[in-house]
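A.B. asks: One structure follows; several queries about it will come next.
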2 protein chains.
Amino acid sequence: MTPKGFRFAGVRCGLKNKRNDLGMIVSDVLAQAAGVFTTNFVRAACVDHSRDVISGGTLRAVVVNSGNANCCTGEQGVRDTQKMSEWAAAALGTEPNEVAVASTGVIGHLLDMAKVERGIREAGTKLGDDPRPYMDAILTTDLVEKWAWTTCVPGEEPSVVVDARFNANERPAPAGPYGVFYGVAKGSGMIAPNMATMLGFVVTDLDASGLDLPAILKRVSDRSFNCMTVDGDTSTNDMLLLLANGASGIRASEAEFEAALEGVCVSLAKQIARDGEGATKLVEIRVQGTSDPIKIARTIGESPLVKTAMFGCDPNWGRILMAAGRAGVPFTTADVSLSLLAGDEEHVLFEDGAPASFDPKRVSSALKSDHVVIDLNLGEGPSAKVYTCDFGYGYVRINAEYHT
Amino acid sequence: MTPKGFRFAGVRCGLKNKRNDLGMIVSDVLAQAAGVFTTNFVRAACVDHSRDVISGGTLRAVVVNSGNANCCTGEQGVRDTQKMSEWAAAALGTEPNEVAVASTGVIGHLLDMAKVERGIREAGTKLGDDPRPYMDAILTTDLVEKWAWTTCVPGEEPSVVVDARFNANERPAPAGPYGVFYGVAKGSGMIAPNMATMLGFVVTDLDASGLDLPAILKRVSDRSFNCMTVDGDTSTNDMLLLLANGASGIRASEAEFEAALEGVCVSLAKQIARDGEGATKLVEIRVQGTSDPIKIARTIGESPLVKTAMFGCDPNWGRILMAAGRAGVPFTTADVSLSLLAGDEEHVLFEDGAPASFDPKRVSSALKSDHVVIDLNLGEGPSAKVYTCDFGYGYVRINAEYHT
């Protein structure tokens with residue numbers, strides 16, 4: 001289910017072989033908009049452009065290409081990004097400063113602008129309700145499409161999120177008035193010869209007037225995409241955009257709006273982690289206690305020793321404790337308990353500061369599940385979650401065996 | 001060449017199969033001593049014990065076991081560490097608080113103290129000038145022994161370091177009066193089923209009276225072992241100890257002492273990086289410029305995308321720039337130049353903010369060298385070095401294919 005008043009297009013302009021590589025999302029009317037961008041000091045031109053145009057708080061459209069990140073391309077790269085926004089604006093009858101631009105792919109190469117121009121023109125003629133061609137156009141070596149949607153019914157509890165991987169059952173529209181949030185993302189597929197880029201686009205037909213979209217998107221991003229790590233590396237092109245066009249005529253409270261957006265973003269983040277390069281499973285890390293549980297969860301999620309143990313289905317609590325202990329956040333070993341949740345079972349590995357007795361073969365067998373939760377309790381205090389994946393031969397194959 | 005007044009022993013007490021697993025270093029007289037210890041909040045009992053005993057500034061001996069880290073073993077583990085120091089003291093006719101203890105190996109299991117006691121007794125009877133049995137006793141899955149020594153001649157330039165890997169040519173003793181620094185280390189071999197531990201022991205017969213050994217060792221450690229990373233993980237048992245017994249009767253200036261110690265420690269750090277789990281090469285990262293070049297160098301050195309590119313002999317400058325940019329230290333892409341030094345050649349990949357033209361096949365071929373330098377220039381400012389290794393199938397094999 002997609003929100004009212006948005007149209008999508010995805011075409012193949014030739015930046016990549018045999019796959020869609022140029023996409024557009026267009027709102028029928030000027031939409032409220034907000035964005036979150038990479039913190040990398042090496043940034044693609046499109047990041048600066050999109051940050052600029054979104055600072056006014058509104059957008060009509062997004063144009064994206066894959067196959068070339070247009071990064072480390074100097075002044076020409078800046079001009080090419082600007083051209084993309086101009087061509088898209090011309091195709092849509094709007095202004096370049098109402099068009100965000102995103103790119104993903106190889107860095108250090110200039111865009112083939114003849115292909116891009118042709119692609120943008122064609123995309124302008126193919127806009128429609130089906131988001132799938134767009135979804136395909138932003139993928140790189142992702143193995144699966146990533147999408148999620150939910151409805152927001154003012155006055156009711158948050159709706160279940162429907163998504164590509166974890167809950168793909170369609171369901172009927174709510175009986176009463178509702179708005180729709182729809183999100184697509186691309187994840188951690190390397191694009192030869194460079195690094196992965198995370199792109200996320202969420203559109204909604206709720207009326208967001210009066211809401212502080214940048215603040216909401218920042219908070220939601222901190223609880224979803226910023227809680228997800230594949231290899232700890234941050235791309236030069238990462239970008240998350242939110243457009244709210246009000247076409248449903250429905251308004252929700254800030255809390256309702258934020259909850260629905262968070263549902264979609266958490267789903268997309270989990271889909272990205274699950275489809276990490278070479279990954280065989282989603283690893284969810286829950287940490288309870290200490291002054292900074294997210295820092296500990298992230299350190300565990302980035303530990304190669306923990307991630308290889310998960311790949312090897314090894315219930316290696318020592319590595320998990322080691323990673324927790326090196327995060328720089330004080331705790332006392334005597335307060336620590338650690339469980340793994342996998343295959344519908346909970347396995348206690350460490351309890352109240354001492355190793356628990358468990359059957360390693362049984363736990364190892366449970367760890368073959370494609371969704372494992374590491375549940376670490378360090379005592380009183382706040383809690384945090386991080387989503388990551390395991391780390392195996394596939395990661396090395398994907399990232400070592402390509403030659404520039 | 002080993003320093004005067006130190007004796008070494010290494011025996012097999014049965015904590016591991018078929019390999020030495022218990023070692024001692026003994027100084028004939030009470031030596032000045034300093035230590036640097038893991039910052040992990042999950043720490044083995046031996047770390048606390050050794051930090052305590054060394055706080056008085058002197059030591060007679062070090063006793064080490066491999067095969068069991070005695071970590072996460074509660075009060076019993078604390079008592080067992082204490083016992084090790086008592087037994088060693090008894091064997092040597094000294095006091096337990098003059099004996100440091102180090103352990104490396106599996107965590108969460110109690111030591112087999114009958115074996116340890118037998119081993120300590122036997123080691124006490126086998127002390128001699130040859131450090132090799134000791135060197136063997138501290139190794140875990142290290143593929144090679146790691147040692148380095150140098151001489152310190154007051155009033156002269158620092159001597160060349162002789163070591164196991166990079167410069168193994170023996171050479172004659174200096175003509176005039178001199179002291180000797182001798183160091184051994186163990187590195188990044190996983191010990192089933194847990195994490196790697198870095199242990200380093202440096203002994204010298206220089207007279208260090210009047211020198212601030214803890215401060216010197218901290219500075220040297222920050223320029224050697226703390227500039228080395230295999231996978232970013234920090235063990236629960238890491239320890240670096242320095243003993244100076246004055247047996248040569250020679251005194252050196254603080255600068256001379258520190259330079260000789262640094263030579264040995266840098267060599268040991270490079271040997272550990274080169275022998276990282278699954279490594280095929282030593283990767284040295286030099287960063288010049290910005291306010292915090294070591295932070296950038298470390299981020300590059302811990303980036304799985306950079307390390308897999310090095311494994312794949314891929315001159316992937318985009319990943320190196322991406323890793324530099326995500327370190328959180330500001331710089332401007334226009335100021336960036338990047339070269340790789342490998343196989344006696346320098347290859348410029350990126351110059352003054354723009355991709356340089358280079359022959360990828362030729363650079364890839366040069367990257368087959370077992371020592372590659374990434375030389376990143378970000379403009380004016382201080383410089384820093386980090387030692388790491390590449391990241392390939394071997395790392396995954398070693399760390400994923402063991403089952404608890």
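Residues are named by chain letter and number: chains run A, B, ... in the order of the structure tokens, numbers start at 1 in each chain, and ligands are numbered from 1 in the order shown.
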Quick one: contact table of chain A to chain B, 6 Å max, nearest atom pair and distance in Å to one decimal per residue, counting only C-alpha atoms, chain and number order, as JSON lines?

C.D. replies:
```
{"residue": "A:Asn40", "atom": "CA", "partner": "B:Arg326", "partner_atom": "CA", "distance": 4.5}
{"residue": "A:Phe41", "atom": "CA", "partner": "B:Gly325", "partner_atom": "CA", "distance": 4.4}
{"residue": "A:Val42", "atom": "CA", "partner": "B:Gly325", "partner_atom": "CA", "distance": 5.0}
{"residue": "A:Asn194", "atom": "CA", "partner": "B:Gly318", "partner_atom": "CA", "distance": 5.9}
{"residue": "A:Thr308", "atom": "CA", "partner": "B:Ala400", "partner_atom": "CA", "distance": 4.8}
{"residue": "A:Ala309", "atom": "CA", "partner": "B:Ala400", "partner_atom": "CA", "distance": 5.0}
{"residue": "A:Gly312", "atom": "CA", "partner": "B:Ala400", "partner_atom": "CA", "distance": 4.3}
{"residue": "A:Asp314", "atom": "CA", "partner": "B:His403", "partner_atom": "CA", "distance": 5.3}
{"residue": "A:Gly318", "atom": "CA", "partner": "B:Asn194", "partner_atom": "CA", "distance": 5.8}
{"residue": "A:Arg319", "atom": "CA", "partner": "B:Asn194", "partner_atom": "CA", "distance": 6.0}
{"residue": "A:Gly325", "atom": "CA", "partner": "B:Phe41", "partner_atom": "CA", "distance": 4.4}
{"residue": "A:Arg326", "atom": "CA", "partner": "B:Asn40", "partner_atom": "CA", "distance": 4.5}
{"residue": "A:Gly392", "atom": "CA", "partner": "B:Val396", "partner_atom": "CA", "distance": 5.9}
{"residue": "A:Tyr393", "atom": "CA", "partner": "B:Tyr393", "partner_atom": "CA", "distance": 6.0}
{"residue": "A:Val396", "atom": "CA", "partner": "B:Gly392", "partner_atom": "CA", "distance": 5.9}
{"residue": "A:Asn399", "atom": "CA", "partner": "B:Thr308", "partner_atom": "CA", "distance": 5.8}
{"residue": "A:Ala400", "atom": "CA", "partner": "B:Gly312", "partner_atom": "CA", "distance": 4.3}
{"residue": "A:Glu401", "atom": "CA", "partner": "B:Gly312", "partner_atom": "CA", "distance": 5.6}
{"residue": "A:His403", "atom": "CA", "partner": "B:Asp314", "partner_atom": "CA", "distance": 5.3}
```

A.B. asks: May I have the residues within 12 Å of Asn17 of chain A as number ranges by chain, using only C-alpha atoms and disregarding those fewer than 2 positions away in the same chain?

C.D. replies: A: 11-15, 19-21, 66-67, 137, 140

A.B. asks: With N, CA and C atoms kept, could you save the residues just selected as a CSV table (one decimal), in the first residue's frame?

C.D. replies:
```
chain,number,residue,atom,x,y,z
A,11,VAL,N,14.0,3.4,-14.1
A,11,VAL,CA,14.4,3.0,-15.5
A,11,VAL,C,15.8,2.6,-15.6
A,12,ARG,N,16.2,2.0,-16.7
A,12,ARG,CA,17.6,1.6,-17.0
A,12,ARG,C,18.2,2.6,-18.0
A,13,CYS,N,19.1,3.4,-17.5
A,13,CYS,CA,19.7,4.4,-18.4
A,13,CYS,C,21.1,4.0,-18.8
A,14,GLY,N,21.6,2.9,-18.3
A,14,GLY,CA,22.9,2.3,-18.8
A,14,GLY,C,24.1,2.6,-17.9
A,15,LEU,N,23.9,3.1,-16.7
A,15,LEU,CA,25.0,3.3,-15.8
A,15,LEU,C,25.5,1.9,-15.2
A,19,ARG,N,20.2,-3.6,-15.4
A,19,ARG,CA,19.4,-3.3,-14.2
A,19,ARG,C,19.0,-1.9,-14.2
A,20,ASN,N,17.8,-1.7,-13.6
A,20,ASN,CA,17.4,-0.3,-13.4
A,20,ASN,C,18.5,0.5,-12.6
A,21,ASP,N,18.7,1.7,-13.0
A,21,ASP,CA,19.8,2.5,-12.3
A,21,ASP,C,19.4,3.9,-12.2
A,66,SER,N,22.0,4.8,-9.4
A,66,SER,CA,22.9,3.8,-8.8
A,66,SER,C,24.0,3.6,-9.9
A,67,GLY,N,25.0,2.9,-9.5
A,67,GLY,CA,26.1,2.6,-10.5
A,67,GLY,C,27.2,3.6,-10.5
A,137,ALA,N,15.8,0.4,-8.9
A,137,ALA,CA,16.8,1.3,-9.4
A,137,ALA,C,17.8,1.8,-8.4
A,140,THR,N,22.1,-2.0,-5.3
A,140,THR,CA,23.4,-2.2,-5.9
A,140,THR,C,23.6,-3.7,-5.9
```

A.B. asks: Got a sec to tell me which of segment 238-401 of chain B DSSP assigns to strand (DSSP E or B), as a ChimeraX atom specification?

C.D. replies: /B:239-244,251,282-288,337-342,345-351,354-355,371-377,383-389

A.B. asks: When DSSP works through the backbone of this structure, what residues of segment 285-394 of chain A end up as alpha helix (DSSP H), shown as number ranges by chain?

C.D. replies: A: 293-302, 304-311, 317-325, 360-366, 393-394

A.B. asks: Include N, CA, C and O atoms and write out the residues we just selected as a compact mmCIF listing (two decimals), in the first residue's frame.

C.D. replies:
```
# COMPACT_ATOMS: atom_id res chain seq x y z
N PRO A 293 24.17 2.11 27.20
CA PRO A 293 23.98 0.76 26.62
C PRO A 293 24.13 0.73 25.11
O PRO A 293 24.56 -0.29 24.56
N ILE A 294 23.82 1.84 24.42
CA ILE A 294 23.92 1.81 22.96
C ILE A 294 25.38 1.70 22.53
O ILE A 294 25.70 1.04 21.55
N LYS A 295 26.27 2.33 23.29
CA LYS A 295 27.70 2.24 22.95
C LYS A 295 28.19 0.80 23.10
O LYS A 295 28.96 0.30 22.27
N ILE A 296 27.72 0.15 24.14
CA ILE A 296 28.11 -1.25 24.35
C ILE A 296 27.50 -2.13 23.26
O ILE A 296 28.19 -2.98 22.67
N ALA A 297 26.23 -1.91 22.95
CA ALA A 297 25.57 -2.73 21.91
C ALA A 297 26.28 -2.54 20.57
O ALA A 297 26.48 -3.49 19.82
N ARG A 298 26.66 -1.31 20.27
CA ARG A 298 27.32 -1.05 18.99
C ARG A 298 28.71 -1.70 18.95
O ARG A 298 29.12 -2.24 17.92
N THR A 299 29.43 -1.66 20.07
CA THR A 299 30.76 -2.29 20.11
C THR A 299 30.64 -3.79 19.89
O THR A 299 31.43 -4.39 19.16
N ILE A 300 29.64 -4.41 20.50
CA ILE A 300 29.40 -5.84 20.27
C ILE A 300 29.05 -6.06 18.79
O ILE A 300 29.56 -6.98 18.15
N GLY A 301 28.19 -5.19 18.27
CA GLY A 301 27.73 -5.36 16.88
C GLY A 301 28.82 -5.14 15.85
O GLY A 301 28.67 -5.56 14.71
N GLU A 302 29.88 -4.46 16.24
CA GLU A 302 30.97 -4.24 15.30
C GLU A 302 32.17 -5.16 15.55
O GLU A 302 33.15 -5.10 14.82
N PRO A 304 34.43 -8.05 15.14
CA PRO A 304 34.61 -9.16 14.21
C PRO A 304 34.62 -10.51 14.91
O PRO A 304 34.17 -11.50 14.34
N LEU A 305 35.11 -10.55 16.15
CA LEU A 305 35.15 -11.83 16.86
C LEU A 305 33.75 -12.31 17.21
O LEU A 305 33.46 -13.50 17.13
N VAL A 306 32.88 -11.38 17.60
CA VAL A 306 31.49 -11.77 17.88
C VAL A 306 30.80 -12.18 16.58
O VAL A 306 30.11 -13.20 16.51
N LYS A 307 31.03 -11.41 15.52
CA LYS A 307 30.32 -11.66 14.27
C LYS A 307 30.77 -12.96 13.59
O LYS A 307 29.96 -13.67 12.99
N THR A 308 32.06 -13.30 13.72
CA THR A 308 32.50 -14.59 13.17
C THR A 308 31.96 -15.73 14.03
O THR A 308 31.64 -16.80 13.50
N ALA A 309 31.85 -15.52 15.34
CA ALA A 309 31.26 -16.57 16.19
C ALA A 309 29.80 -16.81 15.80
O ALA A 309 29.36 -17.96 15.74
N MET A 310 29.07 -15.74 15.49
CA MET A 310 27.67 -15.91 15.07
C MET A 310 27.62 -16.66 13.73
O MET A 310 26.77 -17.53 13.54
N PHE A 311 28.53 -16.33 12.83
CA PHE A 311 28.60 -17.06 11.56
C PHE A 311 28.86 -18.54 11.82
O PHE A 311 28.25 -19.41 11.19
N TRP A 317 30.24 -16.85 24.66
CA TRP A 317 29.91 -15.72 25.54
C TRP A 317 31.14 -14.90 25.90
O TRP A 317 31.05 -13.71 26.19
N GLY A 318 32.32 -15.53 25.91
CA GLY A 318 33.54 -14.80 26.26
C GLY A 318 33.78 -13.64 25.32
O GLY A 318 34.16 -12.54 25.73
N ARG A 319 33.57 -13.87 24.03
CA ARG A 319 33.78 -12.79 23.07
C ARG A 319 32.77 -11.66 23.25
O ARG A 319 33.09 -10.49 23.08
N ILE A 320 31.53 -12.02 23.58
CA ILE A 320 30.50 -11.00 23.77
C ILE A 320 30.84 -10.15 25.00
O ILE A 320 30.79 -8.92 24.96
N LEU A 321 31.27 -10.80 26.08
CA LEU A 321 31.66 -10.05 27.29
C LEU A 321 32.89 -9.20 27.02
O LEU A 321 32.99 -8.06 27.49
N MET A 322 33.85 -9.77 26.29
CA MET A 322 35.06 -9.02 25.95
C MET A 322 34.69 -7.75 25.19
O MET A 322 35.17 -6.65 25.49
N ALA A 323 33.82 -7.89 24.20
CA ALA A 323 33.44 -6.72 23.39
C ALA A 323 32.70 -5.70 24.25
O ALA A 323 32.94 -4.49 24.15
N ALA A 324 31.82 -6.17 25.12
CA ALA A 324 31.11 -5.25 26.01
C ALA A 324 32.11 -4.50 26.89
O ALA A 324 32.01 -3.29 27.07
N GLY A 325 33.09 -5.22 27.39
CA GLY A 325 34.04 -4.63 28.33
C GLY A 325 34.96 -3.61 27.70
O GLY A 325 35.50 -2.75 28.38
N PRO A 360 26.33 -26.91 24.72
CA PRO A 360 26.86 -26.14 23.58
C PRO A 360 26.31 -26.63 22.25
O PRO A 360 26.03 -25.83 21.35
N LYS A 361 26.11 -27.92 22.11
CA LYS A 361 25.61 -28.45 20.82
C LYS A 361 24.20 -27.98 20.55
O LYS A 361 23.85 -27.62 19.43
N ARG A 362 23.40 -27.97 21.61
CA ARG A 362 22.02 -27.54 21.43
C ARG A 362 21.96 -26.05 21.09
O ARG A 362 21.20 -25.63 20.21
N VAL A 363 22.76 -25.26 21.79
CA VAL A 363 22.75 -23.82 21.51
C VAL A 363 23.30 -23.56 20.11
O VAL A 363 22.76 -22.76 19.34
N SER A 364 24.34 -24.25 19.75
CA SER A 364 24.92 -24.08 18.42
C SER A 364 23.89 -24.40 17.35
O SER A 364 23.77 -23.70 16.34
N SER A 365 23.14 -25.44 17.59
CA SER A 365 22.11 -25.82 16.63
C SER A 365 21.04 -24.72 16.53
O SER A 365 20.62 -24.35 15.42
N ALA A 366 20.66 -24.15 17.66
CA ALA A 366 19.68 -23.05 17.65
C ALA A 366 20.22 -21.84 16.90
O ALA A 366 19.47 -21.11 16.25
N TYR A 393 32.63 -15.98 5.26
CA TYR A 393 33.42 -16.01 4.03
C TYR A 393 32.83 -15.11 2.95
O TYR A 393 33.54 -14.54 2.15
N GLY A 394 31.51 -15.02 2.94
CA GLY A 394 30.86 -14.22 1.92
C GLY A 394 31.31 -12.77 1.93
O GLY A 394 31.51 -12.16 0.89
```

A.B. asks: Go through A:Val116, A:Leu261, A:Ile285, A:Leu367 and flag the residue nearest Ser103 of chain A, using only C-alpha atoms for the distances.

C.D. replies: A:Val116

A.B. asks: Skip Asp370 of chain A itself and residues of its chain fewer than 2 positions away, then list as a short mmCIF file (atom, residue, chain, number, x, y, z; two decimals) with N, CA, C and O atoms, in the first residue's frame all residues within 8 Å of it, counting only C-alpha atoms.

C.D. replies:
```
data_model
loop_
_atom_site.label_atom_id
_atom_site.label_comp_id
_atom_site.auth_asym_id
_atom_site.auth_seq_id
_atom_site.Cartn_x
_atom_site.Cartn_y
_atom_site.Cartn_z
N THR A 280 24.44 -14.42 6.86
CA THR A 280 23.52 -15.56 6.88
C THR A 280 22.41 -15.35 7.90
O THR A 280 21.49 -16.13 7.97
N LYS A 281 22.55 -14.30 8.74
CA LYS A 281 21.49 -14.07 9.74
C LYS A 281 21.48 -12.64 10.22
O LYS A 281 22.48 -11.93 10.15
N LEU A 282 20.30 -12.24 10.71
CA LEU A 282 20.15 -10.98 11.42
C LEU A 282 20.53 -11.20 12.87
O LEU A 282 20.05 -12.14 13.49
N LEU A 367 21.53 -21.62 16.97
CA LEU A 367 22.13 -20.45 16.33
C LEU A 367 22.13 -20.55 14.81
O LEU A 367 22.49 -19.60 14.13
N LYS A 368 21.70 -21.67 14.28
CA LYS A 368 21.55 -21.77 12.82
C LYS A 368 20.36 -20.95 12.33
O LYS A 368 20.20 -20.75 11.12
N VAL A 372 18.99 -14.08 15.34
CA VAL A 372 19.52 -14.38 16.67
C VAL A 372 19.50 -13.10 17.49
O VAL A 372 19.88 -12.03 17.01
#
```

A.B. asks: Applying 6 Å and only C-alpha atoms, which residues near segment 117-134 of chain A remain after dropping the ones on its own chain fewer than 2 positions away? List them as a PyMOL selection string.

C.D. replies: chain A and resi 7-10+13+23+91+113-115+136-137

A.B. asks: Using only C-alpha atoms, can you tell me which of A:Thr204, A:Leu111, A:Leu240, A:Asp222 comes closest to Val47 of chain A?

C.D. replies: A:Leu240

A.B. asks: When you look at Leu206 of chain A with a cut-off of 8 Å (counting only C-alpha atoms), what residues show up, excluding the ones that are within fewer than 2 positions of it in the same chain? I need them as a ChimeraX atom specification.

C.D. replies: /A:179-180,204,208,244-252

A.B. asks: Give me the residues near Phe166 of chain B as a tab-separated table (two decimals) with N, CA, C and O atoms, in the first residue's frame, where near means some atom within 9 Å (using only C-alpha atoms) and where sequence neighbours in that chain fewer than 3 positions away do not count.

C.D. replies:
```tsv
chain	number	residue	atom	x	y	z
B	162	VAL	N	67.40	-6.01	16.18
B	162	VAL	CA	67.44	-7.36	15.60
B	162	VAL	C	66.18	-8.07	16.03
B	162	VAL	O	65.81	-8.00	17.21
B	163	ASP	N	65.48	-8.69	15.11
B	163	ASP	CA	64.24	-9.35	15.52
B	163	ASP	C	63.96	-10.60	14.71
B	163	ASP	O	64.70	-10.96	13.80
B	267	SER	N	59.09	-3.09	16.95
B	267	SER	CA	59.34	-4.34	16.23
B	267	SER	C	58.36	-5.43	16.66
B	267	SER	O	57.79	-6.14	15.82
B	270	LYS	N	54.92	-4.77	15.22
B	270	LYS	CA	54.84	-5.12	13.79
B	270	LYS	C	54.80	-6.63	13.60
B	270	LYS	O	54.09	-7.15	12.73
B	271	GLN	N	55.54	-7.36	14.41
B	271	GLN	CA	55.51	-8.82	14.30
B	271	GLN	C	54.13	-9.37	14.64
B	271	GLN	O	53.65	-10.31	14.02
```

A.B. asks: Report the distance between atom CA of Glu98 of chain A and atom CA of Val153 of chain A in Å, rounded to one decimal place.

C.D. replies: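 Calculated distance between atom CA of Glu98 of chain A and atom CA of Val153 of chain A is 29.1 Å.
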
A.B. asks: Report as a list of chain:residue names all protein, DNA and RNA residues lying within 9 Å of Val144 of chain A, evaluated on only C-alpha atoms, omitting residues in the same chain fewer than 2 positions from it.

C.D. replies: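 Listed by chain and then number, they are A:Leu139, A:Thr141, A:Asp142, A:Lys146, A:Ala164, A:Arg165, A:Gln271, A:Asp275.
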